>>> print(open('data19.cif').read())   # mmCIF, C-alpha atoms
data_data
loop_
_atom_site.label_atom_id
_atom_site.label_comp_id
_atom_site.auth_asym_id
_atom_site.auth_seq_id
_atom_site.Cartn_x
_atom_site.Cartn_y
_atom_site.Cartn_z
CA MET A 1 0.38 242.24 -1.77
CA ILE A 2 3.82 243.95 -1.61
CA ASN A 3 6.90 241.84 -2.37
CA HIS A 4 9.47 243.03 0.19
CA ASN A 5 12.37 241.18 -1.44
CA SER A 6 11.65 242.88 -4.73
CA THR A 7 11.45 246.26 -2.98
CA ASN A 8 14.81 245.72 -1.20
CA GLN A 9 16.43 244.59 -4.41
CA SER A 10 15.18 247.68 -6.21
CA SER A 11 16.36 249.94 -3.40
CA TRP A 12 19.82 248.33 -3.35
CA GLN A 13 20.09 248.63 -7.11
CA SER A 14 19.26 252.34 -6.89
CA ILE A 15 21.97 252.92 -4.27
CA PHE A 16 24.47 250.86 -6.29
CA GLU A 17 23.88 252.95 -9.42
CA GLU A 18 23.70 256.40 -7.84
CA THR A 19 26.59 256.31 -5.32
CA PRO A 20 29.46 258.70 -6.24
CA CYS A 21 32.06 256.01 -5.43
CA PHE A 22 33.35 253.29 -7.73
CA LEU A 23 31.42 250.06 -7.26
CA PHE A 24 31.73 246.88 -9.29
CA SER A 25 31.96 243.13 -8.89
CA ILE A 26 33.78 240.40 -10.79
CA SER A 27 33.56 236.63 -10.91
CA ASP A 28 36.31 234.30 -9.71
CA THR A 29 37.54 234.22 -13.33
CA GLY A 30 37.92 237.99 -13.46
CA LYS A 31 34.82 238.76 -15.57
CA ILE A 32 32.83 241.89 -14.71
CA MET A 33 29.40 241.06 -13.23
CA LYS A 34 28.23 244.57 -12.18
CA MET A 35 29.56 248.14 -12.52
CA ASN A 36 27.88 251.30 -11.26
CA LEU A 37 27.14 254.46 -13.22
CA GLU A 38 29.95 256.52 -11.65
CA LEU A 39 32.70 254.17 -12.88
CA ARG A 40 31.04 253.54 -16.24
CA THR A 41 30.85 257.30 -16.84
CA LYS A 42 34.55 257.75 -16.02
CA LEU A 43 35.41 254.90 -18.37
CA GLY A 44 33.01 256.10 -21.08
CA VAL A 45 31.21 252.75 -21.47
CA GLU A 46 27.68 251.39 -21.17
CA ALA A 47 26.63 248.50 -18.96
CA GLU A 48 26.11 246.11 -21.87
CA GLN A 49 29.64 246.88 -23.12
CA VAL A 50 31.45 245.85 -19.91
CA ILE A 51 29.31 243.10 -18.36
CA GLY A 52 31.08 239.83 -19.09
CA CYS A 53 34.37 241.50 -20.07
CA GLN A 54 37.65 240.84 -18.27
CA LEU A 55 38.49 243.52 -15.70
CA GLU A 56 42.16 243.59 -16.72
CA ASP A 57 41.15 244.84 -20.19
CA LEU A 58 40.08 248.13 -18.56
CA LEU A 59 43.44 248.65 -16.77
CA THR A 60 46.67 250.34 -17.82
CA VAL A 61 49.65 248.14 -18.65
CA GLY A 62 51.28 248.58 -15.23
CA SER A 63 48.05 247.89 -13.34
CA LYS A 64 47.34 244.89 -15.57
CA ILE A 65 50.66 243.35 -14.51
CA PHE A 66 49.96 244.15 -10.86
CA TYR A 67 46.46 242.66 -11.20
CA GLN A 68 47.82 239.40 -12.62
CA THR A 69 50.76 238.97 -10.25
CA HIS A 70 49.45 240.43 -6.96
CA PHE A 71 45.81 241.50 -6.89
CA TYR A 72 44.10 238.36 -8.06
CA PRO A 73 46.40 235.88 -6.17
CA LEU A 74 45.95 237.97 -2.97
CA ILE A 75 42.14 237.80 -3.23
CA LYS A 76 42.33 234.05 -3.82
CA MET A 77 44.36 233.54 -0.65
CA GLN A 78 42.79 236.04 1.78
CA ASN A 79 39.25 236.63 0.41
CA SER A 80 39.76 240.34 1.04
CA ALA A 81 42.15 243.24 0.48
CA ARG A 82 42.44 246.86 1.58
CA GLU A 83 43.75 249.96 -0.19
CA ILE A 84 44.57 248.31 -3.50
CA TYR A 85 45.88 250.83 -6.05
CA LEU A 86 44.76 250.29 -9.66
CA VAL A 87 44.74 252.65 -12.66
CA PHE A 88 41.87 252.43 -15.17
CA LYS A 89 41.95 253.60 -18.80
CA GLY A 90 39.50 256.53 -18.86
CA VAL A 91 37.94 258.43 -21.75
CA ASP A 92 40.49 261.27 -21.82
CA LYS A 93 42.99 260.29 -19.14
CA GLN A 94 44.06 257.60 -16.73
CA ILE A 95 41.89 257.15 -13.61
CA PRO A 96 43.80 256.09 -10.46
CA ALA A 97 41.61 254.42 -7.84
CA LEU A 98 42.03 253.09 -4.32
CA LEU A 99 39.90 249.99 -3.74
CA ASN A 100 38.73 247.72 -0.93
CA VAL A 101 37.76 244.19 -1.92
CA GLU A 102 35.64 241.42 -0.35
CA VAL A 103 34.75 237.95 -1.62
CA LYS A 104 31.14 236.77 -1.16
CA GLN A 105 29.40 233.46 -1.79
CA ASN A 106 25.85 233.60 -3.19
CA ASN A 107 24.14 230.25 -3.73
CA GLY A 108 27.50 228.60 -4.41
CA GLU A 109 28.57 231.35 -6.83
CA VAL A 110 31.68 233.43 -6.02
CA GLU A 111 31.35 237.20 -6.37
CA ILE A 112 34.25 239.58 -5.72
CA LEU A 113 32.87 242.94 -4.54
CA CYS A 114 35.06 246.00 -5.16
CA GLY A 115 34.49 249.52 -3.91
CA GLY A 116 36.68 252.58 -3.87
CA ILE A 117 37.31 256.18 -4.82
CA GLU A 118 39.16 258.10 -7.47
CA ILE A 119 42.43 259.59 -6.23
CA SER A 120 43.45 261.77 -9.18
CA ASN A 121 44.54 264.57 -6.85
CA ARG A 122 47.11 262.38 -5.13
CA ASN A 123 49.80 262.99 -7.76
CA LYS A 124 49.08 266.69 -7.57
CA PHE A 125 49.53 266.64 -3.77
CA GLU A 126 52.73 264.58 -4.07
CA LYS A 127 54.15 267.04 -6.57
CA GLU A 128 53.34 269.92 -4.26
CA LEU A 129 55.08 268.11 -1.40
CA LEU A 130 58.17 267.49 -3.55
CA ASP A 131 58.22 271.13 -4.65
CA ALA A 132 57.97 272.22 -1.03
CA LYS A 133 60.81 269.88 -0.09
CA LYS A 134 63.02 271.25 -2.87
CA ALA A 135 62.23 274.79 -1.81
CA ALA A 136 63.22 273.94 1.77
CA GLU A 137 66.48 272.34 0.57
CA VAL A 138 67.32 275.44 -1.48
CA ALA A 139 66.62 277.66 1.51
CA LEU A 140 68.80 275.45 3.69
CA ALA A 141 71.62 275.50 1.13
CA GLU A 142 71.55 279.28 1.12
CA ASN A 143 71.65 279.45 4.87
CA VAL A 144 74.60 281.56 6.04
CA GLU A 145 75.69 279.13 8.77
CA LEU A 146 75.61 276.22 6.35
CA THR A 147 77.72 278.18 3.88
CA LYS A 148 80.30 278.84 6.60
CA ALA A 149 80.36 275.13 7.49
CA LYS A 150 80.80 274.16 3.85
CA ASN A 151 83.69 276.62 3.51
CA LYS A 152 85.32 275.19 6.64
CA LEU A 153 84.91 271.68 5.31
CA GLN A 154 86.53 272.71 2.04
CA GLU A 155 89.48 274.14 3.96
CA GLN A 156 89.88 270.89 5.90
CA GLN A 157 89.71 268.87 2.69
CA THR A 158 92.47 271.04 1.22
CA ILE A 159 94.63 270.49 4.33
CA LEU A 160 93.93 266.76 4.19
CA GLU A 161 94.98 266.61 0.55
CA LEU A 162 98.25 268.39 1.37
CA LYS A 163 98.92 265.97 4.25
CA TYR A 164 98.17 263.03 1.97
CA ARG A 165 100.70 264.32 -0.55
CA GLU A 166 103.29 264.75 2.22
CA VAL A 167 102.75 261.18 3.42
CA LYS A 168 102.96 259.85 -0.13
CA LEU A 169 106.20 261.78 -0.70
CA LEU A 170 107.64 260.51 2.59
CA LYS A 171 106.80 256.92 1.64
CA GLU A 172 108.50 257.36 -1.72
CA GLN A 173 111.54 258.91 -0.03
CA GLN A 174 111.55 256.11 2.53
CA GLN A 175 111.55 253.57 -0.28
CA GLU A 176 114.54 255.25 -1.87
CA VAL A 177 116.36 255.39 1.49
CA TYR A 178 115.77 251.64 1.95
CA LYS A 179 117.25 251.01 -1.48
CA LEU A 180 120.29 253.19 -0.82
CA ILE A 181 120.95 251.65 2.61
CA ALA A 182 120.53 248.14 1.27
CA HIS A 183 122.84 248.87 -1.67
CA ASP A 184 125.50 250.56 0.47
CA LEU A 185 125.46 247.70 2.99
CA GLN A 186 125.32 244.97 0.36
CA GLU A 187 128.59 246.05 -1.22
CA PRO A 188 130.87 245.65 1.86
CA LEU A 189 129.07 242.40 2.71
CA ARG A 190 129.67 241.10 -0.79
CA LYS A 191 133.34 242.07 -0.61
CA SER A 192 133.74 240.50 2.82
CA ILE A 193 132.21 237.24 1.58
CA PHE A 194 134.36 237.30 -1.55
CA MET A 195 137.62 237.99 0.34
CA SER A 196 136.90 235.35 2.99
CA ASP A 197 136.17 232.77 0.32
CA TYR A 198 139.28 233.84 -1.62
CA VAL A 199 141.52 233.38 1.43
CA LEU A 200 140.04 229.94 2.11
CA THR A 201 140.59 228.90 -1.50
CA LYS A 202 144.05 230.46 -1.91
CA PHE A 203 145.62 229.33 1.33
CA LYS A 204 144.84 225.65 1.85
CA GLU A 205 147.21 225.28 4.84
CA LEU A 206 145.48 227.75 7.12
CA PRO A 207 144.96 226.67 10.75
CA SER A 208 141.55 225.10 11.34
CA GLU A 209 140.68 227.84 13.84
CA ILE A 210 141.21 230.52 11.14
CA LYS A 211 139.15 228.51 8.63
CA ASP A 212 136.31 228.20 11.11
CA ARG A 213 136.28 231.93 11.72
CA LEU A 214 136.33 232.72 8.01
CA ASN A 215 133.43 230.33 7.41
CA LYS A 216 131.51 232.03 10.22
CA ILE A 217 132.19 235.42 8.60
CA ILE A 218 130.84 234.09 5.30
CA GLY A 219 127.77 232.65 7.06
CA TYR A 220 126.98 235.79 9.05
CA ASN A 221 127.48 238.12 6.09
CA THR A 222 125.38 235.90 3.81
CA TYR A 223 122.60 235.88 6.40
CA MET A 224 122.76 239.67 6.76
CA SER A 225 122.69 240.07 2.98
CA GLU A 226 119.52 237.96 2.82
CA ILE A 227 117.92 240.08 5.57
CA LEU A 228 118.63 243.25 3.58
CA LEU A 229 117.17 241.76 0.40
CA THR A 230 114.07 240.59 2.28
CA LEU A 231 113.66 244.05 3.81
CA LEU A 232 113.71 245.57 0.33
CA ARG A 233 111.17 243.02 -0.91
CA TYR A 234 108.99 243.74 2.13
CA LYS A 235 108.85 247.47 1.36
CA GLU A 236 108.40 246.99 -2.39
CA LEU A 237 105.48 244.57 -1.88
CA GLU A 238 103.32 247.37 -0.44
CA ARG A 239 102.76 248.89 -3.87
CA ALA A 240 103.48 245.86 -6.07
CA LYS A 241 100.93 244.69 -8.66
CA LEU A 242 100.95 240.91 -8.72
CA ASN A 243 100.65 238.83 -11.90
CA TYR A 244 98.43 235.81 -11.28
CA SER A 245 98.60 232.37 -12.88
CA SER A 246 97.66 228.76 -12.10
CA ILE A 247 100.25 227.22 -9.78
CA ALA A 248 100.77 223.66 -8.54
CA LEU A 249 101.40 223.89 -4.79
CA ASN A 250 103.97 221.09 -4.63
CA ASP A 251 105.96 222.63 -7.50
CA ILE A 252 106.57 225.90 -5.66
CA ILE A 253 107.47 224.02 -2.43
CA ILE A 254 110.02 221.90 -4.31
CA SER A 255 111.35 225.02 -6.08
CA ALA A 256 111.77 226.81 -2.73
CA SER A 257 113.53 223.76 -1.27
CA ASN A 258 115.93 223.61 -4.23
CA ALA A 259 116.68 227.33 -3.89
CA LEU A 260 117.96 226.62 -0.36
CA GLN A 261 119.82 223.47 -1.56
CA LEU A 262 117.86 221.20 0.78
CA LYS A 263 117.44 218.32 -1.68
CA ASP A 264 120.64 216.55 -0.56
CA ASN A 265 120.61 217.86 3.02
CA LYS A 266 120.36 214.74 5.20
CA GLN A 267 119.54 216.82 8.29
CA VAL A 268 116.32 218.23 6.83
CA GLU A 269 113.30 216.10 5.93
CA ILE A 270 110.34 217.72 4.13
CA VAL A 271 106.97 215.99 3.71
CA TYR A 272 104.89 217.45 0.86
CA PRO A 273 101.08 217.57 0.51
CA LYS A 274 99.63 214.29 -0.81
CA ASN A 275 97.32 216.15 -3.19
CA ASN A 276 99.05 218.62 -5.50
CA ILE A 277 96.43 221.41 -5.34
CA ILE A 278 96.23 223.96 -8.16
CA LEU A 279 95.66 227.53 -7.00
CA LEU A 280 95.76 231.04 -8.43
CA GLY A 281 98.58 233.27 -7.30
CA ASN A 282 101.80 235.08 -8.07
CA GLU A 283 104.33 232.28 -8.55
CA LYS A 284 107.36 234.38 -7.61
CA MET A 285 105.81 235.66 -4.39
CA LEU A 286 104.44 232.27 -3.25
CA ARG A 287 107.84 230.68 -3.94
CA ARG A 288 109.40 233.40 -1.79
CA LEU A 289 106.82 232.64 0.93
CA PHE A 290 108.03 229.04 1.26
CA ILE A 291 111.69 230.05 0.98
CA GLU A 292 111.26 232.33 4.00
CA LEU A 293 109.33 229.67 5.96
CA LEU A 294 111.99 227.04 5.25
CA ARG A 295 114.83 229.46 6.03
CA ASN A 296 113.19 230.37 9.35
CA SER A 297 112.80 226.67 10.26
CA ILE A 298 116.50 226.07 9.50
CA LYS A 299 117.49 229.14 11.53
CA GLU A 300 115.33 228.00 14.48
CA GLN A 301 116.40 224.34 14.29
CA ASN A 302 116.41 222.58 17.65
CA PRO A 303 119.96 221.29 18.34
CA GLU A 304 118.50 218.45 20.41
CA ASN A 305 116.90 216.95 17.28
CA ASN A 306 119.14 215.13 14.81
CA ILE A 307 116.79 215.86 11.92
CA LEU A 308 114.69 218.92 11.19
CA ASN A 309 111.25 217.54 10.27
CA ILE A 310 109.02 219.82 8.20
CA THR A 311 105.49 218.66 7.30
CA ILE A 312 103.27 220.53 4.85
CA THR A 313 99.63 219.55 4.27
CA ALA A 314 96.96 221.19 2.11
CA VAL A 315 93.19 220.79 1.80
CA LYS A 316 90.42 222.68 0.06
CA THR A 317 87.91 224.32 2.38
CA VAL A 318 85.18 226.96 2.57
CA LYS A 319 85.64 229.99 4.85
CA ASN A 320 84.09 233.37 5.50
CA TYR A 321 85.83 235.82 3.15
CA TYR A 322 85.69 238.56 5.85
CA PHE A 323 88.27 237.20 8.33
CA ASN A 324 88.15 240.16 10.71
CA ASN A 325 84.47 241.13 10.54
CA ASN A 326 82.02 238.97 12.48
CA GLU A 327 79.02 240.92 11.15
CA LYS A 328 79.63 240.25 7.44
CA TYR A 329 79.50 236.85 5.78
CA GLN A 330 80.49 235.73 2.30
CA TYR A 331 81.72 232.17 2.04
CA LYS A 332 84.37 231.33 -0.58
CA LYS A 333 86.68 228.47 -1.48
CA PHE A 334 90.18 228.48 0.04
CA VAL A 335 93.18 226.20 0.16
CA LYS A 336 94.23 225.64 3.77
CA ILE A 337 97.98 225.01 4.10
CA ILE A 338 99.42 223.81 7.42
CA TYR A 339 103.19 224.05 7.80
CA THR A 340 104.79 222.49 10.92
CA ASP A 341 108.33 221.86 12.09
CA ASN A 342 110.04 220.46 15.19
CA GLY A 343 112.29 223.47 15.75
CA LEU A 344 112.78 225.75 18.74
CA GLY A 345 109.43 227.51 18.30
CA PHE A 346 108.82 231.12 19.25
CA ASN A 347 106.52 233.40 21.26
CA TYR A 348 106.35 236.55 19.11
CA LYS A 349 103.96 238.02 16.53
CA LEU A 350 104.24 237.35 12.81
CA ASP A 351 103.78 240.93 11.62
CA LYS A 352 106.56 242.43 13.76
CA ILE A 353 109.93 243.10 12.15
CA LEU A 354 111.77 243.64 15.44
CA GLN A 355 110.83 241.11 18.13
CA LYS A 356 111.65 241.76 21.79
CA THR A 357 113.05 238.53 23.22
CA GLN A 358 114.54 237.64 26.58
CA HIS A 359 118.06 238.43 25.38
CA LEU A 360 117.87 241.01 22.61
CA ASN A 361 115.81 242.59 19.85
CA MET A 362 115.69 239.95 17.09
CA VAL A 363 115.22 240.79 13.42
CA ASN A 364 112.25 238.80 12.07
CA ILE A 365 111.61 240.47 8.71
CA GLY A 366 111.22 237.07 7.01
CA LEU A 367 108.00 236.04 8.78
CA ALA A 368 106.58 239.56 8.55
CA TYR A 369 107.23 239.38 4.81
CA CYS A 370 105.48 235.98 4.65
CA LYS A 371 102.37 237.38 6.30
CA GLN A 372 102.39 240.35 3.91
CA ILE A 373 102.59 238.03 0.87
CA VAL A 374 99.60 236.00 2.08
CA GLU A 375 97.52 239.12 2.78
CA LYS A 376 98.47 240.54 -0.63
CA HIS A 377 96.81 237.42 -2.05
CA LEU A 378 93.67 238.26 0.02
CA GLY A 379 94.42 235.42 2.40
CA ALA A 380 95.26 235.04 6.08
CA MET A 381 98.16 233.62 8.06
CA GLU A 382 98.54 232.77 11.72
CA ALA A 383 101.03 230.82 13.83
CA LYS A 384 100.94 228.65 16.94
CA SER A 385 104.03 227.55 18.76
CA VAL A 386 105.29 225.95 21.93
CA PRO A 387 108.87 227.05 22.70
CA GLY A 388 111.17 224.07 22.30
CA GLU A 389 108.62 221.94 20.44
CA GLY A 390 108.29 223.69 17.07
CA VAL A 391 105.89 225.91 15.23
CA SER A 392 102.71 225.49 13.16
CA TYR A 393 101.66 227.99 10.50
CA THR A 394 98.12 228.02 9.10
CA ILE A 395 97.83 229.74 5.72
CA LEU A 396 94.56 230.41 3.88
CA LEU A 397 94.74 231.34 0.20
CA PRO A 398 91.57 231.95 -1.87
CA LEU A 399 90.91 229.66 -4.84
CA ASP A 400 88.54 232.12 -6.58
CA LEU A 401 90.29 235.50 -6.55
CA GLU A 402 88.53 238.77 -7.39
CA TYR A 403 91.12 240.44 -9.60
CA GLU A 404 89.57 243.90 -9.37
CA ASP A 405 90.67 244.06 -5.74
CA LEU A 406 94.32 243.53 -6.61
#
>>> encode(input="data19.cif", output="structure tokens")
Amino acid sequence: MINHNSTNQSSWQSIFEETPCFLFSISDTGKIMKMNLELRTKLGVEAEQVIGCQLEDLLTVGSKIFYQTHFYPLIKMQNSAREIYLVFKGVDKQIPALLNVEVKQNNGEVEILCGGIEISNRNKFEKELLDAKKAAEVALAENVELTKAKNKLQEQQTILELKYREVKLLKEQQQEVYKLIAHDLQEPLRKSIFMSDYVLTKFKELPSEIKDRLNKIIGYNTYMSEILLTLLRYKELERAKLNYSSIALNDIIISASNALQLKDNKQVEIVYPKNNIILLGNEKMLRRLFIELLRNSIKEQNPENNILNITITAVKTVKNYYFNNNEKYQYKKFVKIIYTDNGLGFNYKLDKILQKTQHLNMVNIGLAYCKQIVEKHLGAMEAKSVPGEGVSYTILLPLDLEYEDL
């Protein structure tokens, strides 16, 4: 009698041993159960040497890591895998192989069947492709038309550099002109203020009408002097490097109020933030920010109100760091300051120095300077106003500054 099962088993074993591909199987613990002659020959081992050994012991260091972190977990989850790349440690060299894997159950025992081919020539083909690519790039670089384009680009870069230098020189000259104009105008203003004050002090019996006019001259000239100083600060801030320190918000508000002598002014009432928030910033610049805001509120005071009410609140918040880019997001901590008053309000933009109004072009360098200070601190400032009812400024200043940007 012929035992067909025995015959089939013998035939399968013959195919398994003689096939030119890599064939082997491992248990669910990674131990080698079978390995055909082709792979054993490449590895330089006998069957009795590898059966029962861990597969990862036959792999290179890189493949061993891949086997532990990807290969084995993938087989556990999917029971199969295609085109897995592993590198075996051969007799004389490394043996790269591309494998397909299937998990089988035989009488309750798990067997992981692996079959694949050696792909030693792949690196050779990749190198040839890279060499061909480099050769093509060299040929392209030597192309006459490309050379002409590169020369043209170089010419344009030279022109651009010259233009950049011209603009830089013009900005420096502009800065110097601002300084000269401000200095030349400050001197007659200073003298006018001094002489008007001298006349008022020297001649006590002057008619009240003359006194009023002299006081108006002092007020107008003082206001113009402040505008000139603010204009200089505005231009200098463009290239200023700010020194940062920890600042108590209420301290700089009080300091700004004292600078304008508002402490004993019964017609101005300022409400400070309940929580004295500590933030990072340039103390001098932030103090100037509140001086300009307070000065603008006083200048735009509504004559129908007996008292100018100014309310300042502050809270910590989280905002997108990229204010003007809806496609980028990076959330950071900010202090949100809201400044409101009950003045005349306005209907113009913060960043404009000259504002076109119904009656004339109005100088508004103070608010433009405020906005520049906030943006120099990597923050944002906006305003809302109803003419006749007052104004509300919203100021965002970051609590965790990135100094390398400053």
>>> resolve_selection(input="data19.cif", expression="the PyMOL selection byres ((chain A and resi 24-30) around 8)", output="mmCIF file with C-alpha atoms, in the coordinates of the input")
data_model
loop_
_atom_site.group_PDB
_atom_site.id
_atom_site.type_symbol
_atom_site.label_atom_id
_atom_site.label_comp_id
_atom_site.auth_asym_id
_atom_site.auth_seq_id
_atom_site.Cartn_x
_atom_site.Cartn_y
_atom_site.Cartn_z
ATOM 1 C CA PHE A 22 33.350 253.290 -7.730
ATOM 2 C CA LEU A 23 31.420 250.060 -7.260
ATOM 3 C CA LYS A 31 34.820 238.760 -15.570
ATOM 4 C CA ILE A 32 32.830 241.890 -14.710
ATOM 5 C CA MET A 33 29.400 241.060 -13.230
ATOM 6 C CA LYS A 34 28.230 244.570 -12.180
ATOM 7 C CA MET A 35 29.560 248.140 -12.520
ATOM 8 C CA ASN A 36 27.880 251.300 -11.260
ATOM 9 C CA GLN A 54 37.650 240.840 -18.270
ATOM 10 C CA LEU A 55 38.490 243.520 -15.700
ATOM 11 C CA GLU A 56 42.160 243.590 -16.720
ATOM 12 C CA VAL A 110 31.680 233.430 -6.020
ATOM 13 C CA GLU A 111 31.350 237.200 -6.370
ATOM 14 C CA ILE A 112 34.250 239.580 -5.720
ATOM 15 C CA LEU A 113 32.870 242.940 -4.540
ATOM 16 C CA CYS A 114 35.060 246.000 -5.160
ATOM 17 C CA GLY A 115 34.490 249.520 -3.910
#
>>> closest_atom_pairs(input="data19.cif", of="range 161-273 of chain A", to="range 306-310 of chain A", cutoff="12 Å", atoms="only C-alpha atoms", output="JSON lines")
{"residue": "A:Ile253", "atom": "CA", "partner": "A:Ile310", "partner_atom": "CA", "distance": 11.5}
{"residue": "A:Ser257", "atom": "CA", "partner": "A:Ile310", "partner_atom": "CA", "distance": 11.2}
{"residue": "A:Leu262", "atom": "CA", "partner": "A:Leu308", "partner_atom": "CA", "distance": 11.1}
{"residue": "A:Asn265", "atom": "CA", "partner": "A:Ile307", "partner_atom": "CA", "distance": 9.9}
{"residue": "A:Lys266", "atom": "CA", "partner": "A:Ile307", "partner_atom": "CA", "distance": 7.7}
{"residue": "A:Gln267", "atom": "CA", "partner": "A:Ile307", "partner_atom": "CA", "distance": 4.7}
{"residue": "A:Val268", "atom": "CA", "partner": "A:Leu308", "partner_atom": "CA", "distance": 4.7}
{"residue": "A:Glu269", "atom": "CA", "partner": "A:Asn309", "partner_atom": "CA", "distance": 5.0}
{"residue": "A:Ile270", "atom": "CA", "partner": "A:Ile310", "partner_atom": "CA", "distance": 4.8}
{"residue": "A:Val271", "atom": "CA", "partner": "A:Ile310", "partner_atom": "CA", "distance": 6.2}
{"residue": "A:Tyr272", "atom": "CA", "partner": "A:Ile310", "partner_atom": "CA", "distance": 8.7}
{"residue": "A:Pro273", "atom": "CA", "partner": "A:Ile310", "partner_atom": "CA", "distance": 11.3}
>>> write_last_selection(input="data19.cif", atoms="C-alpha atoms", output="compact mmCIF listing (two decimals), in the coordinates of the input")
# COMPACT_ATOMS: atom_id res chain seq x y z
CA ILE A 253 107.47 224.02 -2.43
CA SER A 257 113.53 223.76 -1.27
CA LEU A 262 117.86 221.20 0.78
CA ASN A 265 120.61 217.86 3.02
CA LYS A 266 120.36 214.74 5.20
CA GLN A 267 119.54 216.82 8.29
CA VAL A 268 116.32 218.23 6.83
CA GLU A 269 113.30 216.10 5.93
CA ILE A 270 110.34 217.72 4.13
CA VAL A 271 106.97 215.99 3.71
CA TYR A 272 104.89 217.45 0.86
CA PRO A 273 101.08 217.57 0.51
>>> atom_distance(input="data19.cif", atom1="CA of Tyr393 in chain A", atom2="CA of Ile298 in chain A")
15.0 Å
>>> atom_distance(input="data19.cif", atom1="CA of Gly44 in chain A", atom2="CA of Gly90 in chain A")
6.9 Å
>>> atom_distance(input="data19.cif", atom1="CA of Val87 in chain A", atom2="CA of Glu109 in chain A")
27.4 Å
>>> resolve_selection(input="data19.cif", expression="the PyMOL selection byres ((chain A and resi 279-293) around 6)", output="list in words")
Leu242, Asn243, Tyr244, Ser245, Ser246, Ile247, Ile252, Ala256, Ile278, Leu294, Arg295, Asn296, Gly366, Cys370 and Leu399 of chain A
>>> closest_residue(input="data19.cif", among="A:Ala136, A:Gly116, A:Val144, A:Thr60", to="Glu38 in chain A", atoms="only C-alpha atoms")
A:Gly116
>>> closest_residue(input="data19.cif", among="A:Ile312, A:Thr147, A:Lys163, A:Ile365", to="Leu228 in chain A", atoms="only C-alpha atoms")
A:Ile365
>>> residues_around(input="data19.cif", residues="Gln78 in chain A", least_positions_apart="5", cutoff="12 Å", atoms="all atoms listed in the file", output="CSV table (one decimal) with C-alpha atoms, in the frame of the given file")
chain,number,residue,atom,x,y,z
A,70,HIS,CA,49.4,240.4,-7.0
A,71,PHE,CA,45.8,241.5,-6.9
A,72,TYR,CA,44.1,238.4,-8.1
A,73,PRO,CA,46.4,235.9,-6.2
A,101,VAL,CA,37.8,244.2,-1.9
A,102,GLU,CA,35.6,241.4,-0.4
A,103,VAL,CA,34.8,238.0,-1.6
A,112,ILE,CA,34.2,239.6,-5.7
>>> closest_residue(input="data19.cif", among="A:Asn121, A:Gln156, A:Asn342, A:Thr201", to="Glu300 in chain A", atoms="all atoms listed in the file")
A:Asn342
>>> residues_around(input="data19.cif", residues="Val318 in chain A", least_positions_apart="3", cutoff="9 Å", atoms="only C-alpha atoms", output="VMD selection string")
chain A and resid 321 331 to 335
>>> closest_residue(input="data19.cif", among="A:Ser14, A:Leu37, A:Leu74, A:Ile218", to="Met195 in chain A", atoms="only C-alpha atoms")
A:Ile218
>>> residues_around(input="data19.cif", residues="Ser120 in chain A", least_positions_apart="3", cutoff="8 Å", atoms="all atoms listed in the file", output="PDB file with C-alpha atoms, keeping the file's coordinate frame")
ATOM      1  CA  ILE A  95      41.890 257.150 -13.610  1.00  0.00           C
ATOM      2  CA  PRO A  96      43.800 256.090 -10.460  1.00  0.00           C
ATOM      3  CA  ALA A  97      41.610 254.420  -7.840  1.00  0.00           C
ATOM      4  CA  ASN A 123      49.800 262.990  -7.760  1.00  0.00           C
ATOM      5  CA  LYS A 124      49.080 266.690  -7.570  1.00  0.00           C
TER       6      LYS A 124
END
>>> residues_around(input="data19.cif", residues="range 207-211 of chain A", least_positions_apart="5", cutoff="10 Å", atoms="all atoms listed in the file", output="PyMOL selection string")
chain A and resi 196-197+199-200+216-217
>>> closest_residue(input="data19.cif", among="A:Leu130, A:Val91, A:Ile193, A:Ala380", to="Val45 in chain A", atoms="only C-alpha atoms")
A:Val91
>>> resolve_selection(input="data19.cif", expression="the PyMOL selection byres ((chain A and resi 391) around 7)", output="list in words")
Thr340, Asp341, Asn342, Gly343, Gly345, Lys384, Ser385, Val386, Gly390, Ser392 and Tyr393 of chain A
>>> residues_near_point(input="data19.cif", point="(117.1, 227.0, 21.2)", cutoff="8 Å", atoms="all atoms listed in the file", output="PDB file with C-alpha atoms, in the coordinates of the input")
ATOM      1  CA  GLU A 300     115.330 228.000  14.480  1.00  0.00           C
ATOM      2  CA  GLN A 301     116.400 224.340  14.290  1.00  0.00           C
ATOM      3  CA  ASN A 302     116.410 222.580  17.650  1.00  0.00           C
ATOM      4  CA  PRO A 303     119.960 221.290  18.340  1.00  0.00           C
ATOM      5  CA  LEU A 344     112.780 225.750  18.740  1.00  0.00           C
ATOM      6  CA  GLY A 388     111.170 224.070  22.300  1.00  0.00           C
TER       7      GLY A 388
END
>>> closest_residue(input="data19.cif", among="A:Ile338, A:Leu397, A:Val374, A:Ile84", to="Lys319 in chain A", atoms="all atoms listed in the file")
A:Leu397
